[in-house]
file input-v2.pdb (PDB, C-alpha atoms and all ligand atoms)
ATOM      1  CA  MET A  12      97.140  45.032  37.524
ATOM      2  CA  LEU A  13      94.832  47.885  36.584
ATOM      3  CA  PHE A  14      92.074  46.337  38.703
ATOM      4  CA  ILE A  15      94.254  46.211  41.788
ATOM      5  CA  GLU A  16      95.214  49.845  41.422
ATOM      6  CA  ILE A  17      91.572  50.986  41.285
ATOM      7  CA  ALA A  18      90.654  48.875  44.301
ATOM      8  CA  SER A  19      93.462  50.331  46.494
ATOM      9  CA  LYS A  20      92.568  53.894  45.422
ATOM     10  CA  ASP A  21      89.046  53.333  46.663
ATOM     11  CA  LYS A  22      90.347  51.974  49.941
ATOM     12  CA  ILE A  23      92.639  54.914  50.467
ATOM     13  CA  GLY A  24      89.780  57.328  49.758
ATOM     14  CA  GLU A  25      87.573  55.469  52.196
ATOM     15  CA  ALA A  26      90.202  55.485  54.897
ATOM     16  CA  GLU A  27      90.705  59.224  54.396
ATOM     17  CA  ARG A  28      87.002  59.895  54.772
ATOM     18  CA  THR A  29      86.794  57.798  57.918
ATOM     19  CA  LEU A  30      89.753  59.618  59.366
ATOM     20  CA  GLN A  31      88.198  63.024  58.616
ATOM     21  CA  GLU A  32      84.908  61.996  60.195
ATOM     22  CA  LEU A  33      86.703  60.741  63.295
ATOM     23  CA  THR A  34      88.757  63.915  63.729
ATOM     24  CA  ALA A  35      85.679  66.092  63.169
ATOM     25  CA  ALA A  36      83.739  64.115  65.779
ATOM     26  CA  ALA A  37      86.655  64.317  68.212
ATOM     27  CA  ARG A  38      86.887  68.106  67.729
ATOM     28  CA  VAL A  39      83.180  68.564  68.299
ATOM     29  CA  ALA A  40      83.386  66.470  71.459
ATOM     30  CA  ARG A  41      86.365  68.460  72.672
ATOM     31  CA  GLU A  42      84.858  71.857  71.937
ATOM     32  CA  THR A  43      81.384  71.206  73.244
ATOM     33  CA  ILE A  44      80.372  73.652  75.959
ATOM     34  CA  ASP A  45      77.832  72.713  78.560
ATOM     35  CA  VAL A  46      76.116  76.053  78.918
ATOM     36  CA  THR A  47      74.164  74.768  81.920
ATOM     37  CA  ILE A  48      77.266  74.448  84.175
ATOM     38  CA  PRO A  49      77.371  77.344  86.673
ATOM     39  CA  GLY A  50      80.284  79.711  85.998
ATOM     40  CA  ARG A  51      83.353  79.967  88.191
ATOM     41  CA  ARG A  52      82.914  83.246  90.028
ATOM     42  CA  PRO A  53      85.954  85.465  90.511
ATOM     43  CA  ARG A  54      86.545  85.919  94.252
ATOM     44  CA  PRO A  55      87.125  89.618  94.765
ATOM     45  CA  GLY A  56      89.470  90.436  97.608
ATOM     46  CA  HIS A  57      88.584  92.750 100.466
ATOM     47  CA  LEU A  58      90.225  94.620 103.301
ATOM     48  CA  HIS A  59      91.438  92.840 106.424
ATOM     49  CA  PRO A  60      89.415  93.585 109.591
ATOM     50  CA  ILE A  61      92.475  95.224 111.177
ATOM     51  CA  THR A  62      92.793  97.510 108.142
ATOM     52  CA  LEU A  63      89.096  98.408 108.393
ATOM     53  CA  MET A  64      89.561  99.246 112.086
ATOM     54  CA  ARG A  65      92.705 101.279 111.357
ATOM     55  CA  GLN A  66      90.886 103.267 108.686
ATOM     56  CA  ARG A  67      88.001 104.064 111.041
ATOM     57  CA  ILE A  68      90.487 105.334 113.636
ATOM     58  CA  GLU A  69      92.427 107.332 111.024
ATOM     59  CA  ASP A  70      89.230 108.950 109.699
ATOM     60  CA  ILE A  71      88.309 110.196 113.166
ATOM     61  CA  PHE A  72      91.709 111.700 113.933
ATOM     62  CA  VAL A  73      92.193 113.173 110.475
ATOM     63  CA  SER A  74      88.864 114.971 110.927
ATOM     64  CA  LEU A  75      90.266 116.342 114.220
ATOM     65  CA  GLY A  76      93.258 117.793 112.344
ATOM     66  CA  TYR A  77      95.834 115.035 112.917
ATOM     67  CA  LEU A  78      98.446 113.913 110.388
ATOM     68  CA  VAL A  79      98.933 110.197 109.788
ATOM     69  CA  GLU A  80     102.612 109.302 110.174
ATOM     70  CA  ASP A  81     104.354 106.066 109.260
ATOM     71  CA  ASP A  82     107.806 104.924 110.264
ATOM     72  CA  ARG A  83     110.306 102.077 110.484
ATOM     73  CA  GLU A  84     109.679  98.814 112.310
ATOM     74  CA  ILE A  85     113.350  98.175 113.165
ATOM     75  CA  GLU A  86     114.660 100.792 115.554
ATOM     76  CA  THR A  87     117.846 101.846 117.249
ATOM     77  CA  ASP A  88     118.133 101.866 121.034
ATOM     78  CA  PHE A  89     117.914 105.654 120.886
ATOM     79  CA  TYR A  90     114.386 105.775 119.409
ATOM     80  CA  ASN A  91     113.151 102.629 121.138
ATOM     81  CA  PHE A  92     114.325 103.572 124.616
ATOM     82  CA  ASP A  93     116.643 106.539 125.305
ATOM     83  CA  ALA A  94     114.545 109.206 123.597
ATOM     84  CA  LEU A  95     111.439 107.836 125.303
ATOM     85  CA  ASN A  96     113.028 108.335 128.712
ATOM     86  CA  ILE A  97     113.420 104.590 129.281
ATOM     87  CA  PRO A  98     116.699 104.355 131.202
ATOM     88  CA  GLU A  99     119.267 101.602 130.800
ATOM     89  CA  GLY A 100     118.351  98.660 133.007
ATOM     90  CA  HIS A 101     114.606  99.318 132.674
ATOM     91  CA  PRO A 102     112.644  96.019 132.400
ATOM     92  CA  ALA A 103     111.234  97.067 128.990
ATOM     93  CA  ARG A 104     114.770  96.757 127.610
ATOM     94  CA  ASP A 105     115.012  93.158 128.778
ATOM     95  CA  PRO A 106     115.792  90.782 125.876
ATOM     96  CA  GLN A 107     112.965  88.639 127.229
ATOM     97  CA  ASP A 108     110.512  91.350 126.162
ATOM     98  CA  THR A 109     112.166  92.754 123.049
ATOM     99  CA  PHE A 110     113.258  91.145 119.790
ATOM    100  CA  TYR A 111     116.821  92.371 119.361
ATOM    101  CA  THR A 112     118.243  92.025 115.867
ATOM    102  CA  THR A 113     121.809  93.180 115.318
ATOM    103  CA  GLU A 114     123.640  94.859 118.228
ATOM    104  CA  GLY A 115     121.969  98.190 118.926
ATOM    105  CA  PHE A 116     118.822  97.439 116.900
ATOM    106  CA  ALA A 117     115.471  95.943 117.840
ATOM    107  CA  LEU A 118     112.004  95.423 116.379
ATOM    108  CA  ARG A 119     110.034  98.283 117.878
ATOM    109  CA  SER A 120     107.946  97.185 120.850
ATOM    110  CA  GLN A 121     105.620 100.201 120.677
ATOM    111  CA  THR A 122     104.645 102.901 118.190
ATOM    112  CA  SER A 123     105.776 105.567 120.678
ATOM    113  CA  THR A 124     109.046 105.626 118.702
ATOM    114  CA  VAL A 125     107.235 107.563 115.963
ATOM    115  CA  GLN A 126     106.652 110.465 118.399
ATOM    116  CA  ILE A 127     110.367 111.200 118.246
ATOM    117  CA  HIS A 128     110.759 110.808 114.469
ATOM    118  CA  ALA A 129     107.698 112.976 113.826
ATOM    119  CA  MET A 130     108.853 115.792 116.151
ATOM    120  CA  GLN A 131     112.341 115.716 114.655
ATOM    121  CA  ARG A 132     110.876 115.902 111.165
ATOM    122  CA  ARG A 133     108.191 118.501 111.740
ATOM    123  CA  GLY A 134     109.031 120.302 114.964
ATOM    124  CA  ALA A 135     106.297 121.857 117.113
ATOM    125  CA  PRO A 136     103.399 122.578 117.093
ATOM    126  CA  MET A 137     102.007 119.427 115.586
ATOM    127  CA  ARG A 138      99.353 116.755 115.859
ATOM    128  CA  MET A 139      99.856 113.263 114.518
ATOM    129  CA  ILE A 140      98.785 109.668 114.833
ATOM    130  CA  ALA A 141     100.978 106.739 113.868
ATOM    131  CA  PRO A 142      99.354 103.362 113.265
ATOM    132  CA  GLY A 143     101.672 100.392 112.832
ATOM    133  CA  ARG A 144     103.028  96.987 113.714
ATOM    134  CA  VAL A 145     104.830  96.346 116.983
ATOM    135  CA  PHE A 146     106.647  93.261 118.263
ATOM    136  CA  ARG A 147     107.037  91.698 121.706
ATOM    137  CA  ARG A 148     108.359  88.375 122.872
ATOM    138  CA  ASP A 149     104.994  87.155 124.126
ATOM    139  CA  THR A 150     103.812  83.570 123.840
ATOM    140  CA  PRO A 151     100.724  83.554 121.610
ATOM    141  CA  ASP A 152      97.479  82.968 123.514
ATOM    142  CA  PRO A 153      93.862  84.159 123.066
ATOM    143  CA  THR A 154      94.797  87.731 124.063
ATOM    144  CA  HIS A 155      98.459  87.945 122.962
ATOM    145  CA  ASN A 156     100.397  87.713 119.727
ATOM    146  CA  PRO A 157     104.113  88.505 119.312
ATOM    147  CA  MET A 158     103.188  90.907 116.484
ATOM    148  CA  PHE A 159     100.259  93.267 116.867
ATOM    149  CA  PHE A 160      99.066  96.731 115.904
ATOM    150  CA  GLN A 161      98.974  99.979 117.840
ATOM    151  CA  VAL A 162      98.102 103.533 117.023
ATOM    152  CA  GLU A 163     100.101 106.268 118.694
ATOM    153  CA  GLY A 164      98.814 109.809 119.115
ATOM    154  CA  LEU A 165     100.748 112.993 119.832
ATOM    155  CA  CYS A 166      99.658 116.590 120.174
ATOM    156  CA  VAL A 167     102.268 119.261 120.961
ATOM    157  CA  ASP A 168     101.584 122.965 121.139
ATOM    158  CA  ARG A 169     101.771 125.960 123.459
ATOM    159  CA  GLY A 170      99.518 125.531 126.489
ATOM    160  CA  ILE A 171      98.380 121.938 125.940
ATOM    161  CA  THR A 172      96.975 120.457 129.165
ATOM    162  CA  MET A 173      95.495 117.210 130.428
ATOM    163  CA  ALA A 174      92.058 118.704 129.645
ATOM    164  CA  HIS A 175      92.919 118.563 125.933
ATOM    165  CA  LEU A 176      93.921 114.919 126.296
ATOM    166  CA  LYS A 177      90.672 114.034 128.044
ATOM    167  CA  GLY A 178      88.555 115.991 125.581
ATOM    168  CA  THR A 179      90.262 114.415 122.564
ATOM    169  CA  LEU A 180      89.918 110.824 123.731
ATOM    170  CA  ALA A 181      86.314 111.438 124.862
ATOM    171  CA  GLU A 182      85.504 112.761 121.370
ATOM    172  CA  PHE A 183      87.273 109.768 119.832
ATOM    173  CA  VAL A 184      85.192 107.178 121.704
ATOM    174  CA  HIS A 185      81.998 109.155 121.020
ATOM    175  CA  ARG A 186      82.678 108.912 117.312
ATOM    176  CA  LEU A 187      83.801 105.287 117.415
ATOM    177  CA  PHE A 188      81.193 103.815 119.758
ATOM    178  CA  GLY A 189      78.443 106.464 120.009
ATOM    179  CA  PRO A 190      77.870 109.760 121.870
ATOM    180  CA  GLU A 191      76.662 108.060 125.067
ATOM    181  CA  THR A 192      80.113 106.456 125.636
ATOM    182  CA  LYS A 193      81.879 107.610 128.813
ATOM    183  CA  THR A 194      85.605 107.694 129.505
ATOM    184  CA  ARG A 195      87.514 107.051 132.711
ATOM    185  CA  PHE A 196      91.154 107.936 133.434
ATOM    186  CA  ARG A 197      93.101 105.898 135.998
ATOM    187  CA  PRO A 198      96.509 107.027 137.311
ATOM    188  CA  SER A 199      99.318 104.951 135.834
ATOM    189  CA  TYR A 200     102.998 105.066 134.979
ATOM    190  CA  PHE A 201     104.827 105.281 131.643
ATOM    191  CA  PRO A 202     108.426 106.518 131.428
ATOM    192  CA  PHE A 203     107.576 108.875 128.525
ATOM    193  CA  THR A 204     104.643 110.665 130.170
ATOM    194  CA  GLU A 205     104.149 112.518 133.445
ATOM    195  CA  PRO A 206     101.470 112.329 134.691
ATOM    196  CA  SER A 207     100.321 109.114 133.024
ATOM    197  CA  ALA A 208      96.885 107.540 132.844
ATOM    198  CA  GLU A 209      95.178 104.387 131.596
ATOM    199  CA  VAL A 210      92.013 105.164 129.682
ATOM    200  CA  ASP A 211      88.840 103.090 129.805
ATOM    201  CA  TYR A 212      85.532 103.586 127.990
ATOM    202  CA  SER A 213      82.082 102.449 129.043
ATOM    203  CA  CYS A 214      81.124  99.146 127.394
ATOM    204  CA  PHE A 215      79.488  99.636 123.962
ATOM    205  CA  ASN A 216      77.424  96.506 124.499
ATOM    206  CA  CYS A 217      75.833  96.954 127.942
ATOM    207  CA  GLY A 218      76.419 100.698 128.398
ATOM    208  CA  GLY A 219      78.183 100.092 131.711
ATOM    209  CA  SER A 220      75.868  97.716 133.572
ATOM    210  CA  GLY A 221      78.178  94.709 133.067
ATOM    211  CA  CYS A 222      78.164  91.908 130.486
ATOM    212  CA  ARG A 223      80.359  89.180 129.033
ATOM    213  CA  ILE A 224      82.241  91.592 126.738
ATOM    214  CA  CYS A 225      83.407  93.910 129.540
ATOM    215  CA  LYS A 226      83.822  90.974 131.960
ATOM    216  CA  GLN A 227      80.990  92.387 134.122
ATOM    217  CA  SER A 228      82.962  95.551 134.930
ATOM    218  CA  GLY A 229      81.088  97.952 132.628
ATOM    219  CA  TRP A 230      84.442  99.319 131.368
ATOM    220  CA  ILE A 231      86.812  98.356 128.559
ATOM    221  CA  GLU A 232      90.475  99.376 128.459
ATOM    222  CA  LEU A 233      91.373 101.653 125.563
ATOM    223  CA  GLY A 234      95.101 102.199 126.174
ATOM    224  CA  GLY A 235      97.729 104.348 127.841
ATOM    225  CA  SER A 236      98.127 108.107 127.789
ATOM    226  CA  GLY A 237      99.653 111.073 129.525
ATOM    227  CA  MET A 238     101.428 114.425 129.297
ATOM    228  CA  VAL A 239     104.644 114.106 127.277
ATOM    229  CA  HIS A 240     107.661 114.018 129.595
ATOM    230  CA  PRO A 241     109.972 117.063 129.168
ATOM    231  CA  ASN A 242     112.895 114.678 128.527
ATOM    232  CA  VAL A 243     111.043 113.259 125.505
ATOM    233  CA  LEU A 244     110.459 116.742 124.070
ATOM    234  CA  ARG A 245     114.123 117.578 124.646
ATOM    235  CA  ALA A 246     115.285 114.356 122.939
ATOM    236  CA  ALA A 247     113.333 115.461 119.846
ATOM    237  CA  ASN A 248     114.692 119.040 119.968
ATOM    238  CA  VAL A 249     111.438 120.613 121.160
ATOM    239  CA  ASP A 250     111.767 123.207 123.942
ATOM    240  CA  PRO A 251     109.734 122.045 126.976
ATOM    241  CA  GLU A 252     109.736 125.637 128.320
ATOM    242  CA  GLN A 253     107.642 126.695 125.327
ATOM    243  CA  PHE A 254     105.711 123.573 124.404
ATOM    244  CA  THR A 255     103.713 120.910 126.221
ATOM    245  CA  GLY A 256     101.913 117.941 124.775
ATOM    246  CA  PHE A 257      99.848 114.868 125.366
ATOM    247  CA  ALA A 258     100.298 111.375 123.924
ATOM    248  CA  PHE A 259      98.377 108.148 123.883
ATOM    249  CA  GLY A 260      98.702 104.596 122.553
ATOM    250  CA  LEU A 261      95.834 102.252 121.680
ATOM    251  CA  GLY A 262      95.716  98.641 120.521
ATOM    252  CA  ILE A 263      94.094  98.362 117.080
ATOM    253  CA  ASP A 264      93.658  94.581 117.032
ATOM    254  CA  ARG A 265      92.540  94.535 120.644
ATOM    255  CA  THR A 266      89.804  97.063 119.865
ATOM    256  CA  CYS A 267      88.949  95.137 116.697
ATOM    257  CA  ALA A 268      88.612  91.884 118.672
ATOM    258  CA  ARG A 269      86.319  93.603 121.173
ATOM    259  CA  ILE A 270      84.065  95.184 118.560
ATOM    260  CA  TYR A 271      83.666  91.952 116.594
ATOM    261  CA  GLN A 272      83.532  89.895 119.809
ATOM    262  CA  LEU A 273      86.351  87.548 118.838
ATOM    263  CA  ASP A 274      87.275  84.989 121.477
ATOM    264  CA  ASP A 275      90.822  84.663 120.208
ATOM    265  CA  ILE A 276      92.978  87.509 118.867
ATOM    266  CA  ARG A 277      95.113  85.019 116.903
ATOM    267  CA  LEU A 278      92.221  84.592 114.455
ATOM    268  CA  LEU A 279      93.238  87.988 113.078
ATOM    269  CA  PHE A 280      96.694  86.724 112.127
ATOM    270  CA  GLU A 281      96.061  83.228 110.776
ATOM    271  CA  ASN A 282      94.868  84.313 107.301
ATOM    272  CA  ASP A 283      92.118  81.714 107.258
ATOM    273  CA  VAL A 284      89.877  82.776 104.384
ATOM    274  CA  ARG A 285      86.809  81.227 106.032
ATOM    275  CA  PHE A 286      87.277  83.662 108.937
ATOM    276  CA  LEU A 287      88.328  86.706 106.919
ATOM    277  CA  GLU A 288      85.477  86.377 104.392
ATOM    278  CA  GLN A 289      83.048  87.379 107.120
ATOM    279  CA  PHE A 290      84.394  90.941 107.061
ATOM    280  CA  ARG A 291      83.782  91.805 103.434
TER     281      ARG A 291
HETATM  282  N1  LIG B   1     103.501 102.669 124.459
HETATM  283  C1  LIG B   1     102.544 102.219 125.474
HETATM  284  C2  LIG B   1     102.394 100.715 125.400
HETATM  285  O1  LIG B   1     102.740 100.123 124.422
HETATM  286  C3  LIG B   1     101.222 102.875 125.252
HETATM  287  C4  LIG B   1     101.287 104.349 125.552
HETATM  288  C5  LIG B   1     101.091 104.799 126.823
HETATM  289  C6  LIG B   1     101.571 105.243 124.556
HETATM  290  C7  LIG B   1     101.135 106.140 127.122
HETATM  291  C8  LIG B   1     101.636 106.610 124.846
HETATM  292  C9  LIG B   1     101.408 107.039 126.132
HETATM  293  O2  LIG B   1     101.903 107.539 123.931
HETATM  294  O3  LIG B   1     101.442 108.373 126.398
HETATM  295  O4  LIG B   1     101.936 100.135 126.341
END
call {"tool": "encode", "arguments": {"input": "input-v2.pdb", "output": "structure tokens", "more": "lines below"}}
Ligand code: DAH
result
Amino acid sequence: MLFIEIASKDKIGEAERTLQELTAAARVARETIDVTIPGRRPRPGHLHPITLMRQRIEDIFVSLGYLVEDDREIETDFYNFDALNIPEGHPARDPQDTFYTTEGFALRSQTSTVQIHAMQRRGAPMRMIAPGRVFRRDTPDPTHNPMFFQVEGLCVDRGITMAHLKGTLAEFVHRLFGPETKTRFRPSYFPFTEPSAEVDYSCFNCGGSGCRICKQSGWIELGGSGMVHPNVLRAANVDPEQFTGFAFGLGIDRTCARIYQLDDIRLLFENDVRFLEQFR
């Protein structure tokens, strides 16, 4: 009896030791670090190319004394159309062009709406730019996307003329593309300006001799512009007898696509990291 007891005690002790060795070995195996494996690098984020472009544009206008305004993306008919001198029945109001939400509201189709908000808020004189998203019922293709970015500009004061408009946009393209850049104004029509003009700048790549980027024309379209229509000033409670102004609207993503020579503007909206990483 005594013999059996001693024998089983030994066995238990042995089993305990084996168990301890096994758990120790398992822990060592589990906690072993291979210091030769390369680390997992954190992937720092960076700004989107459209944001970079917007900041470059903002920097230029802020240095020229402009405020940066921001405003809503869903607008009433008044701000979207009436105040901008776009009469009822105008094709721009067509539901085929505009995303209407609830009755009387629509996603803004241009940043020109901010002209009215800014003048109502601040009165005249004033100088502002308003970068932001706009929405149009376009089918996406290499040069169109139903959501894109514009920057609006507005300068209202006593005695503002077309010369101020031309001088401002000429200075803008000098700073953005270099002092040798030329501008060209072509007569055009916008309901909210009179007279109105399309603005082109000489191609930053070929300097005007013609290349693939400017489609051999030597010129690249910057956007629309003009002298603010008296009806627009009136709609924002600014007296057109005392004040005149100029306004302009440029495409941020369009300019971005040109500068980076993108073949397809939709690349800017697909959030493909392999594309975006190239702009860090
Ligand atoms: N809102 C116009 C567009 O989306 C661009 C534009 C043209 C803005 C002339 C202006 C302007 O302020 O004066 O096509």
call {"tool": "resolve_selection", "arguments": {"input": "input-v2.pdb", "expression": "the PyMOL selection byres (((chain A and resi 61) around 8) and not hetatm)", "output": "ChimeraX atom specification"}}
result
/A:59-60,62-65,263-264,267,279
call {"tool": "atom_distance", "arguments": {"input": "input-v2.pdb", "atom1": "atom CA of A:Phe92", "atom2": "atom CA of A:Phe254"}}
result
21.8 Å
call {"tool": "residues_near_ligand", "arguments": {"input": "input-v2.pdb", "ligand": "ligand LIG 1 (chain B)", "cutoff": "6 Å", "atoms": "only C-alpha atoms and all ligand atoms", "output": "NGL selection string"}}
result
:A and (121 or 123 or 163 or 201 or 204 or 235-237 or 258-260)
call {"tool": "atom_distance", "arguments": {"input": "input-v2.pdb", "atom1": "atom CA of A:Pro142", "atom2": "atom CA of A:Leu176"}}
result
18.2 Å
call {"tool": "resolve_selection", "arguments": {"input": "input-v2.pdb", "expression": "the PyMOL selection byres (((chain A and resi 126) around 12) and not hetatm)", "output": "VMD selection string"}}
result
chain A and resid 78 to 82 90 to 91 94 to 95 121 to 125 127 to 135 137 to 142 162 to 167 203 to 204 239 to 240 243 to 244 246 to 249 256 to 260
call {"tool": "atom_distance", "arguments": {"input": "input-v2.pdb", "atom1": "atom CA of A:Val210", "atom2": "atom CA of A:Gly234"}}
result
5.5 Å
call {"tool": "residues_near_point", "arguments": {"input": "input-v2.pdb", "point": "(93.8, 84.1, 121.5)", "cutoff": "7 Å", "atoms": "all atoms listed in the file", "output": "ChimeraX atom specification"}}
result
/A:151-155,274-277
call {"tool": "residues_around", "arguments": {"input": "input-v2.pdb", "residues": "A:Lys177", "least_positions_apart": "2", "cutoff": "10 Å", "atoms": "only C-alpha atoms", "output": "number ranges by chain"}}
result
A: 172-175, 179-183, 194-196, 210, 236-237, 257
call {"tool": "resolve_selection", "arguments": {"input": "input-v2.pdb", "expression": "the PyMOL selection byres (((chain A and resi 144) around 6) and not hetatm)", "output": "PyMOL selection string"}}
result
chain A and resi 143+145+159-160
call {"tool": "build_atoms", "arguments": {"input": "input-v2.pdb", "residues": "stretch 26-35 of chain A", "atoms": "all heavy atoms", "output": "mmCIF file, in the coordinates of the input"}}
result
data_model
loop_
_atom_site.group_PDB
_atom_site.id
_atom_site.type_symbol
_atom_site.label_atom_id
_atom_site.label_comp_id
_atom_site.auth_asym_id
_atom_site.auth_seq_id
_atom_site.Cartn_x
_atom_site.Cartn_y
_atom_site.Cartn_z
ATOM 1 N N ALA A 26 89.479 55.296 53.632
ATOM 2 C CA ALA A 26 90.202 55.485 54.897
ATOM 3 C C ALA A 26 90.341 56.976 55.233
ATOM 4 O O ALA A 26 90.178 57.403 56.385
ATOM 5 C CB ALA A 26 91.580 54.847 54.811
ATOM 6 N N GLU A 27 90.591 57.782 54.181
ATOM 7 C CA GLU A 27 90.705 59.224 54.396
ATOM 8 C C GLU A 27 89.420 59.811 54.946
ATOM 9 O O GLU A 27 89.413 60.589 55.897
ATOM 10 C CB GLU A 27 91.046 59.904 53.069
ATOM 11 C CG GLU A 27 92.412 60.554 53.083
ATOM 12 C CD GLU A 27 92.807 61.036 51.705
ATOM 13 O OE1 GLU A 27 91.917 61.325 50.891
ATOM 14 O OE2 GLU A 27 94.032 61.105 51.463
ATOM 15 N N ARG A 28 88.308 59.372 54.331
ATOM 16 C CA ARG A 28 87.002 59.895 54.772
ATOM 17 C C ARG A 28 86.728 59.501 56.227
ATOM 18 O O ARG A 28 86.321 60.311 57.046
ATOM 19 C CB ARG A 28 85.902 59.367 53.860
ATOM 20 C CG ARG A 28 85.654 60.276 52.642
ATOM 21 C CD ARG A 28 84.363 59.914 51.959
ATOM 22 N NE ARG A 28 84.319 58.510 51.546
ATOM 23 C CZ ARG A 28 84.948 58.021 50.472
ATOM 24 N NH1 ARG A 28 85.644 58.823 49.693
ATOM 25 N NH2 ARG A 28 84.863 56.741 50.162
ATOM 26 N N THR A 29 87.024 58.254 56.549
ATOM 27 C CA THR A 29 86.794 57.798 57.918
ATOM 28 C C THR A 29 87.612 58.628 58.906
ATOM 29 O O THR A 29 87.119 59.075 59.937
ATOM 30 C CB THR A 29 87.208 56.310 58.084
ATOM 31 O OG1 THR A 29 86.759 55.615 56.935
ATOM 32 C CG2 THR A 29 86.635 55.702 59.332
ATOM 33 N N LEU A 30 88.860 58.843 58.491
ATOM 34 C CA LEU A 30 89.753 59.618 59.366
ATOM 35 C C LEU A 30 89.206 61.030 59.587
ATOM 36 O O LEU A 30 89.171 61.543 60.719
ATOM 37 C CB LEU A 30 91.144 59.684 58.717
ATOM 38 C CG LEU A 30 92.333 59.800 59.674
ATOM 39 C CD1 LEU A 30 92.325 58.643 60.660
ATOM 40 C CD2 LEU A 30 93.638 59.805 58.880
ATOM 41 N N GLN A 31 88.750 61.663 58.504
ATOM 42 C CA GLN A 31 88.198 63.024 58.616
ATOM 43 C C GLN A 31 86.982 63.054 59.533
ATOM 44 O O GLN A 31 86.833 63.942 60.368
ATOM 45 C CB GLN A 31 87.815 63.546 57.234
ATOM 46 C CG GLN A 31 88.966 64.268 56.561
ATOM 47 C CD GLN A 31 88.710 64.507 55.084
ATOM 48 O OE1 GLN A 31 87.610 64.274 54.585
ATOM 49 N NE2 GLN A 31 89.728 64.951 54.388
ATOM 50 N N GLU A 32 86.110 62.035 59.343
ATOM 51 C CA GLU A 32 84.908 61.996 60.195
ATOM 52 C C GLU A 32 85.294 61.862 61.668
ATOM 53 O O GLU A 32 84.743 62.535 62.530
ATOM 54 C CB GLU A 32 84.018 60.823 59.786
ATOM 55 C CG GLU A 32 83.121 61.163 58.614
ATOM 56 C CD GLU A 32 82.559 59.905 57.925
ATOM 57 O OE1 GLU A 32 82.541 58.832 58.580
ATOM 58 O OE2 GLU A 32 82.165 60.016 56.747
ATOM 59 N N LEU A 33 86.285 60.967 61.901
ATOM 60 C CA LEU A 33 86.703 60.741 63.295
ATOM 61 C C LEU A 33 87.285 62.018 63.923
ATOM 62 O O LEU A 33 86.948 62.384 65.052
ATOM 63 C CB LEU A 33 87.747 59.628 63.363
ATOM 64 C CG LEU A 33 87.193 58.203 63.249
ATOM 65 C CD1 LEU A 33 88.339 57.189 63.200
ATOM 66 C CD2 LEU A 33 86.270 57.895 64.420
ATOM 67 N N THR A 34 88.157 62.696 63.144
ATOM 68 C CA THR A 34 88.757 63.915 63.729
ATOM 69 C C THR A 34 87.684 64.988 63.945
ATOM 70 O O THR A 34 87.688 65.695 64.952
ATOM 71 C CB THR A 34 89.869 64.503 62.838
ATOM 72 O OG1 THR A 34 89.489 64.376 61.477
ATOM 73 C CG2 THR A 34 91.201 63.853 63.065
ATOM 74 N N ALA A 35 86.744 65.088 63.007
ATOM 75 C CA ALA A 35 85.679 66.092 63.169
ATOM 76 C C ALA A 35 84.869 65.779 64.427
ATOM 77 O O ALA A 35 84.587 66.665 65.244
ATOM 78 C CB ALA A 35 84.783 66.111 61.934
#
